[in-house]
file structure_37.cif (mmCIF, N, CA and C atoms)
data_query
#
loop_
_atom_site.label_atom_id
_atom_site.label_comp_id
_atom_site.auth_asym_id
_atom_site.auth_seq_id
_atom_site.Cartn_x
_atom_site.Cartn_y
_atom_site.Cartn_z
N MET A 1 -15.02 -2.89 14.05
CA MET A 1 -14.02 -1.86 14.26
C MET A 1 -13.05 -1.86 13.08
N ALA A 2 -12.66 -0.68 12.66
CA ALA A 2 -11.77 -0.54 11.50
C ALA A 2 -10.36 -1.00 11.84
N ARG A 3 -9.74 -1.64 10.88
CA ARG A 3 -8.36 -2.10 11.04
C ARG A 3 -7.43 -0.89 11.01
N LYS A 4 -6.43 -0.89 11.87
CA LYS A 4 -5.45 0.19 11.89
C LYS A 4 -4.58 0.15 10.65
N THR A 5 -4.17 1.33 10.21
CA THR A 5 -3.20 1.39 9.12
C THR A 5 -1.83 1.01 9.68
N PRO A 6 -0.89 0.64 8.80
CA PRO A 6 0.46 0.34 9.29
C PRO A 6 1.06 1.54 10.03
N TYR A 7 0.69 2.74 9.60
CA TYR A 7 1.25 3.96 10.21
C TYR A 7 0.64 4.26 11.57
N GLU A 8 -0.57 3.82 11.78
CA GLU A 8 -1.18 3.94 13.11
C GLU A 8 -0.61 2.88 14.05
N LEU A 9 -0.43 1.69 13.52
CA LEU A 9 0.09 0.60 14.31
C LEU A 9 1.56 0.82 14.68
N ILE A 10 2.34 1.35 13.72
CA ILE A 10 3.77 1.58 13.92
C ILE A 10 4.04 3.07 13.65
N PRO A 11 3.83 3.93 14.64
CA PRO A 11 3.95 5.37 14.42
C PRO A 11 5.30 5.82 13.88
N LYS A 12 6.37 5.15 14.24
CA LYS A 12 7.70 5.54 13.74
C LYS A 12 7.76 5.40 12.22
N LEU A 13 7.09 4.40 11.67
CA LEU A 13 7.04 4.21 10.23
C LEU A 13 6.36 5.42 9.56
N GLY A 14 5.28 5.89 10.16
CA GLY A 14 4.59 7.08 9.66
C GLY A 14 5.44 8.32 9.76
N GLN A 15 6.16 8.46 10.86
CA GLN A 15 7.04 9.62 11.03
C GLN A 15 8.14 9.62 9.97
N LEU A 16 8.75 8.47 9.74
CA LEU A 16 9.81 8.38 8.72
C LEU A 16 9.26 8.67 7.33
N ARG A 17 8.07 8.16 7.04
CA ARG A 17 7.42 8.45 5.76
C ARG A 17 7.22 9.95 5.58
N ASP A 18 6.66 10.58 6.61
CA ASP A 18 6.34 12.01 6.51
C ASP A 18 7.58 12.89 6.52
N ASP A 19 8.50 12.63 7.45
CA ASP A 19 9.65 13.51 7.63
C ASP A 19 10.78 13.24 6.64
N VAL A 20 11.09 11.99 6.41
CA VAL A 20 12.25 11.66 5.57
C VAL A 20 11.83 11.47 4.11
N LEU A 21 10.91 10.54 3.86
CA LEU A 21 10.56 10.23 2.48
C LEU A 21 9.87 11.42 1.80
N PHE A 22 8.73 11.86 2.35
CA PHE A 22 8.00 12.94 1.70
C PHE A 22 8.50 14.32 2.11
N GLY A 23 9.10 14.44 3.28
CA GLY A 23 9.60 15.74 3.73
C GLY A 23 10.98 16.09 3.22
N ASP A 24 11.81 15.09 2.93
CA ASP A 24 13.18 15.33 2.50
C ASP A 24 13.43 14.80 1.08
N VAL A 25 13.27 13.52 0.89
CA VAL A 25 13.61 12.90 -0.40
C VAL A 25 12.76 13.47 -1.53
N TRP A 26 11.45 13.49 -1.37
CA TRP A 26 10.58 13.99 -2.43
C TRP A 26 10.74 15.49 -2.67
N GLU A 27 11.29 16.20 -1.71
CA GLU A 27 11.48 17.65 -1.85
C GLU A 27 12.87 18.01 -2.37
N GLY A 28 13.71 17.02 -2.63
CA GLY A 28 15.06 17.27 -3.13
C GLY A 28 15.02 18.00 -4.47
N LYS A 29 16.06 18.76 -4.74
CA LYS A 29 16.12 19.58 -5.95
C LYS A 29 16.83 18.86 -7.10
N ASP A 30 17.37 17.67 -6.85
CA ASP A 30 18.12 16.96 -7.89
C ASP A 30 17.24 16.32 -8.95
N LEU A 31 15.99 16.04 -8.63
CA LEU A 31 15.01 15.52 -9.59
C LEU A 31 13.70 16.28 -9.40
N SER A 32 12.97 16.44 -10.48
CA SER A 32 11.65 17.05 -10.36
C SER A 32 10.67 16.04 -9.74
N LYS A 33 9.58 16.53 -9.20
CA LYS A 33 8.57 15.62 -8.65
C LYS A 33 7.96 14.77 -9.77
N ARG A 34 7.87 15.33 -10.96
CA ARG A 34 7.36 14.59 -12.11
C ARG A 34 8.28 13.40 -12.40
N ASP A 35 9.58 13.64 -12.43
CA ASP A 35 10.52 12.55 -12.67
C ASP A 35 10.49 11.53 -11.54
N ARG A 36 10.42 12.00 -10.31
CA ARG A 36 10.33 11.08 -9.18
C ARG A 36 9.09 10.19 -9.31
N SER A 37 7.98 10.78 -9.74
CA SER A 37 6.76 10.00 -9.92
C SER A 37 6.92 8.93 -10.99
N LEU A 38 7.51 9.29 -12.13
CA LEU A 38 7.73 8.29 -13.18
C LEU A 38 8.61 7.15 -12.68
N ILE A 39 9.67 7.49 -11.98
CA ILE A 39 10.57 6.48 -11.44
C ILE A 39 9.84 5.59 -10.44
N THR A 40 9.10 6.21 -9.55
CA THR A 40 8.40 5.46 -8.50
C THR A 40 7.35 4.53 -9.10
N VAL A 41 6.58 5.02 -10.05
CA VAL A 41 5.58 4.17 -10.70
C VAL A 41 6.26 3.01 -11.41
N ALA A 42 7.38 3.27 -12.08
CA ALA A 42 8.10 2.20 -12.76
C ALA A 42 8.59 1.13 -11.79
N VAL A 43 9.16 1.55 -10.69
CA VAL A 43 9.68 0.59 -9.71
C VAL A 43 8.53 -0.19 -9.06
N LEU A 44 7.48 0.50 -8.69
CA LEU A 44 6.35 -0.19 -8.07
C LEU A 44 5.69 -1.16 -9.04
N THR A 45 5.66 -0.80 -10.31
CA THR A 45 5.14 -1.72 -11.33
C THR A 45 6.02 -2.95 -11.41
N ALA A 46 7.33 -2.74 -11.54
CA ALA A 46 8.27 -3.85 -11.69
C ALA A 46 8.26 -4.78 -10.49
N LEU A 47 8.03 -4.22 -9.31
CA LEU A 47 8.04 -5.02 -8.08
C LEU A 47 6.66 -5.56 -7.71
N TYR A 48 5.65 -5.28 -8.55
CA TYR A 48 4.30 -5.79 -8.32
C TYR A 48 3.73 -5.31 -6.98
N ARG A 49 3.90 -4.04 -6.70
CA ARG A 49 3.43 -3.44 -5.45
C ARG A 49 2.11 -2.72 -5.70
N THR A 50 1.05 -3.49 -5.88
CA THR A 50 -0.25 -2.99 -6.33
C THR A 50 -0.82 -1.90 -5.45
N ASP A 51 -0.87 -2.10 -4.16
CA ASP A 51 -1.50 -1.12 -3.28
C ASP A 51 -0.78 0.23 -3.34
N GLU A 52 0.54 0.22 -3.31
CA GLU A 52 1.30 1.45 -3.36
C GLU A 52 1.21 2.09 -4.75
N LEU A 53 1.12 1.26 -5.78
CA LEU A 53 1.04 1.75 -7.16
C LEU A 53 -0.19 2.62 -7.36
N LYS A 54 -1.30 2.26 -6.76
CA LYS A 54 -2.54 3.03 -6.91
C LYS A 54 -2.33 4.48 -6.49
N GLY A 55 -1.80 4.66 -5.30
CA GLY A 55 -1.58 6.03 -4.81
C GLY A 55 -0.54 6.78 -5.61
N HIS A 56 0.50 6.09 -6.04
CA HIS A 56 1.56 6.78 -6.77
C HIS A 56 1.17 7.08 -8.22
N MET A 57 0.28 6.31 -8.81
CA MET A 57 -0.23 6.70 -10.13
C MET A 57 -1.03 7.99 -10.01
N ARG A 58 -1.83 8.09 -8.98
CA ARG A 58 -2.60 9.33 -8.77
C ARG A 58 -1.66 10.50 -8.49
N ARG A 59 -0.64 10.26 -7.68
CA ARG A 59 0.35 11.30 -7.38
C ARG A 59 1.06 11.73 -8.66
N ALA A 60 1.36 10.77 -9.53
CA ALA A 60 2.04 11.09 -10.78
C ALA A 60 1.20 12.05 -11.61
N LEU A 61 -0.09 11.81 -11.69
CA LEU A 61 -0.98 12.72 -12.41
C LEU A 61 -0.93 14.11 -11.79
N ASP A 62 -0.96 14.18 -10.47
CA ASP A 62 -0.86 15.47 -9.77
C ASP A 62 0.47 16.16 -10.03
N ASN A 63 1.51 15.35 -10.31
CA ASN A 63 2.84 15.90 -10.54
C ASN A 63 3.13 16.15 -12.03
N GLY A 64 2.10 16.11 -12.85
CA GLY A 64 2.24 16.51 -14.24
C GLY A 64 2.47 15.39 -15.24
N VAL A 65 2.44 14.14 -14.81
CA VAL A 65 2.57 13.02 -15.73
C VAL A 65 1.22 12.84 -16.43
N GLU A 66 1.24 12.68 -17.74
CA GLU A 66 0.01 12.50 -18.51
C GLU A 66 -0.41 11.03 -18.49
N LYS A 67 -1.69 10.81 -18.64
CA LYS A 67 -2.25 9.45 -18.68
C LYS A 67 -1.54 8.61 -19.75
N GLU A 68 -1.36 9.17 -20.92
CA GLU A 68 -0.72 8.45 -22.02
C GLU A 68 0.73 8.07 -21.68
N GLU A 69 1.40 8.90 -20.89
CA GLU A 69 2.77 8.57 -20.47
C GLU A 69 2.77 7.37 -19.53
N LEU A 70 1.79 7.30 -18.64
CA LEU A 70 1.67 6.13 -17.78
C LEU A 70 1.43 4.87 -18.61
N PHE A 71 0.58 4.99 -19.62
CA PHE A 71 0.31 3.84 -20.50
C PHE A 71 1.59 3.42 -21.22
N GLY A 72 2.35 4.39 -21.70
CA GLY A 72 3.61 4.08 -22.37
C GLY A 72 4.61 3.43 -21.43
N LEU A 73 4.67 3.91 -20.20
CA LEU A 73 5.56 3.34 -19.19
C LEU A 73 5.19 1.87 -18.94
N ILE A 74 3.90 1.60 -18.80
CA ILE A 74 3.44 0.24 -18.54
C ILE A 74 3.82 -0.68 -19.71
N THR A 75 3.58 -0.21 -20.92
CA THR A 75 3.91 -1.02 -22.10
C THR A 75 5.41 -1.29 -22.16
N HIS A 76 6.20 -0.27 -21.93
CA HIS A 76 7.66 -0.41 -21.96
C HIS A 76 8.13 -1.43 -20.91
N LEU A 77 7.57 -1.34 -19.72
CA LEU A 77 7.99 -2.24 -18.65
C LEU A 77 7.58 -3.68 -18.88
N ALA A 78 6.58 -3.90 -19.71
CA ALA A 78 6.18 -5.28 -20.01
C ALA A 78 7.36 -6.10 -20.51
N PHE A 79 8.27 -5.45 -21.23
CA PHE A 79 9.40 -6.15 -21.82
C PHE A 79 10.63 -6.20 -20.92
N TYR A 80 10.66 -5.38 -19.91
CA TYR A 80 11.81 -5.34 -19.01
C TYR A 80 11.51 -5.91 -17.63
N ALA A 81 10.28 -5.79 -17.18
CA ALA A 81 9.92 -6.25 -15.84
C ALA A 81 8.99 -7.45 -15.87
N GLY A 82 8.47 -7.79 -17.04
CA GLY A 82 7.61 -8.96 -17.16
C GLY A 82 6.18 -8.60 -17.48
N TRP A 83 5.58 -9.46 -18.28
CA TRP A 83 4.21 -9.25 -18.71
C TRP A 83 3.23 -9.17 -17.54
N PRO A 84 3.29 -10.08 -16.57
CA PRO A 84 2.33 -10.00 -15.46
C PRO A 84 2.39 -8.68 -14.69
N THR A 85 3.58 -8.12 -14.53
CA THR A 85 3.67 -6.85 -13.79
C THR A 85 3.01 -5.73 -14.59
N ALA A 86 3.17 -5.76 -15.91
CA ALA A 86 2.55 -4.73 -16.75
C ALA A 86 1.03 -4.88 -16.76
N VAL A 87 0.54 -6.11 -16.86
CA VAL A 87 -0.90 -6.33 -16.84
C VAL A 87 -1.48 -5.88 -15.50
N ASN A 88 -0.77 -6.17 -14.42
CA ASN A 88 -1.23 -5.71 -13.11
C ASN A 88 -1.29 -4.19 -13.05
N ALA A 89 -0.27 -3.52 -13.56
CA ALA A 89 -0.28 -2.05 -13.59
C ALA A 89 -1.40 -1.55 -14.49
N GLY A 90 -1.69 -2.26 -15.57
CA GLY A 90 -2.81 -1.90 -16.43
C GLY A 90 -4.14 -2.00 -15.70
N ARG A 91 -4.27 -3.00 -14.85
CA ARG A 91 -5.49 -3.12 -14.03
C ARG A 91 -5.63 -1.93 -13.09
N VAL A 92 -4.51 -1.53 -12.49
CA VAL A 92 -4.52 -0.37 -11.60
C VAL A 92 -4.91 0.88 -12.39
N ALA A 93 -4.32 1.06 -13.56
CA ALA A 93 -4.65 2.21 -14.39
C ALA A 93 -6.13 2.19 -14.79
N ALA A 94 -6.65 1.02 -15.14
CA ALA A 94 -8.06 0.91 -15.50
C ALA A 94 -8.95 1.35 -14.35
N GLU A 95 -8.57 0.99 -13.15
CA GLU A 95 -9.34 1.40 -11.96
C GLU A 95 -9.28 2.92 -11.78
N ILE A 96 -8.10 3.48 -11.96
CA ILE A 96 -7.93 4.92 -11.76
C ILE A 96 -8.66 5.72 -12.83
N PHE A 97 -8.63 5.24 -14.07
CA PHE A 97 -9.18 5.99 -15.20
C PHE A 97 -10.57 5.52 -15.62
N GLU A 98 -11.23 4.68 -14.83
CA GLU A 98 -12.51 4.11 -15.24
C GLU A 98 -13.58 5.17 -15.48
N ASP A 99 -13.47 6.32 -14.86
CA ASP A 99 -14.47 7.37 -15.03
C ASP A 99 -14.17 8.28 -16.22
N ASP A 100 -13.04 8.06 -16.90
CA ASP A 100 -12.63 8.95 -18.00
C ASP A 100 -13.35 8.67 -19.31
N ASP A 101 -13.91 7.48 -19.44
CA ASP A 101 -14.53 7.13 -20.73
C ASP A 101 -15.97 7.51 -20.80
#
call {"tool": "encode", "arguments": {"input": "structure_37.cif", "output": "structure tokens"}}
result
Amino acid sequence: MARKTPYELIPKLGQLRDDVLFGDVWEGKDLSKRDRSLITVAVLTALYRTDELKGHMRRALDNGVEKEELFGLITHLAFYAGWPTAVNAGRVAAEIFEDDD
């Protein structure tokens, strides 16, 4: 039997994600979705949040961030958030872009 997602197990968490985070915060007019994606990828990289980083790197591409910009962000963060966090983000990027070569 398949394991439940956190959102299936804790429905309120899913509701808050859908209604508040993606329904309100991500739709705010104070920042573009592209900027929100860059910020989110940077924070998830710095905090070593691998699983969430995968989805948000893909979302960043959908929001107009270029592959090369993600690479630049990862390199930049190596010096501010630590080498291991950047290498981890590089592994995530390699997984996402493995079909591009």
call {"tool": "atom_distance", "arguments": {"input": "structure_37.cif", "atom1": "atom N of Phe97 in chain A", "atom2": "atom C of Val41 in chain A"}}
result
15.3 Å
call {"tool": "resolve_selection", "arguments": {"input": "structure_37.cif", "expression": "the PyMOL selection byres ((chain A and resi 60-76) around 8)", "output": "list in words"}}
result
Ser32, Lys33, Arg34, Asp35, Arg36, Ser37, Leu38, Val41, Ala42, Thr45, Lys54, Gly55, His56, Met57, Arg58, Arg59, Leu77, Ala78, Phe79, Tyr80, Ala81, Gly82, Thr85, Ala86, Val87, Ala89, Gly90 and Ala93 of chain A
call {"tool": "atom_distance", "arguments": {"input": "structure_37.cif", "atom1": "CA of Leu16 in chain A", "atom2": "CA of Thr50 in chain A"}}
result
21.4 Å
call {"tool": "atom_distance", "arguments": {"input": "structure_37.cif", "atom1": "atom C of Leu47 in chain A", "atom2": "CA of Asp19 in chain A"}}
result
24.7 Å
call {"tool": "select_by_dssp", "arguments": {"input": "structure_37.cif", "residues": "chain A", "states": "alpha helix (DSSP H)", "output": "PyMOL selection string"}}
result
chain A and resi 6-9+11-16+33-46+50-62+67-80+83-97
